[in-house]
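What follows is a single structure, written as structure tokens, with notes after it.
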Amino acid sequence: MLIEPYLRDGEDATGYGVSVVHERPARVGERLLVTARTTQVDGRQVQTVATVEGPAGRIGIGTLTQRYIPAGLFSEGSE
């Protein structure tokens, strides 16, 4: 949903890169806050950063890079 505002008509996106750093454990049942934001947008891709916070501090941080592709490129039945 973060990248949808940056897609043009007839465009979709696919995952290109993922990086995750797990900094500490979380206990079963702890409430966690996940925050994601767009950090880079250009004519080829969108990058987002997500953080996970728990009662004792940050659990982890990760980045996801998605590249623009023509809509339907990887749909079932496409060649």
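Chain identifiers are assigned as A, B, and so on, following the order in which chains appear in the structure tokens; residues are numbered from 1 within each chain, and ligands are numbered from 1 in order of appearance.
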
Query - Near-range 37-46 of chain A list (10 Å; only C-alpha atoms; drop same-chain fewer than 6 positions) as a PyMOL selection string - result: chain A and resi 2-4+6-7+13-16+63-69

Query - Test item: residues at most 12 Å from range 26-28 of chain A, only C-alpha atoms, excluding those fewer than 6 positions along its chain, as a PyMOL selection string - result: chain A and resi 52-60

Query raised in the report: Please, which residues of chain A, numbered as in this document, come out strand (DSSP E) from DSSP, as number ranges by chain?
Result: A: 11-22, 33-41, 45-54, 57-70

**Report entry** Residues within 7 Å of Ile61 in chain A, only C-alpha atoms, excluding chain neighbours under 4 positions, as a PyMOL selection string
**Finding:** chain A and resi 20-22+50-52

Go ahead and dump the residues you just picked, C-alpha atoms, as an mmCIF file, in the first residue's frame.
```cif
data_model
loop_
_atom_site.group_PDB
_atom_site.id
_atom_site.type_symbol
_atom_site.label_atom_id
_atom_site.label_comp_id
_atom_site.auth_asym_id
_atom_site.auth_seq_id
_atom_site.Cartn_x
_atom_site.Cartn_y
_atom_site.Cartn_z
ATOM 1 C CA VAL A 20 16.448 -7.329 7.701
ATOM 2 C CA VAL A 21 18.377 -6.869 10.932
ATOM 3 C CA HIS A 22 16.971 -8.666 13.981
ATOM 4 C CA ALA A 50 10.047 -0.856 8.420
ATOM 5 C CA THR A 51 10.854 -0.867 12.127
ATOM 6 C CA VAL A 52 9.465 -3.087 14.861
#
```

Query - Using only C-alpha atoms: which of A:Thr48, A:Phe74, A:Gly10, A:Val18 has the shortest distance to Thr35 in chain A - result: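 Ranked by minimum distance to Thr35 in chain A, first place goes to A:Thr48.
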
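Reported to one decimal place, the separation of CA of Ser75 in chain A from CA of Gly17 in chain A is 20.4 Å.
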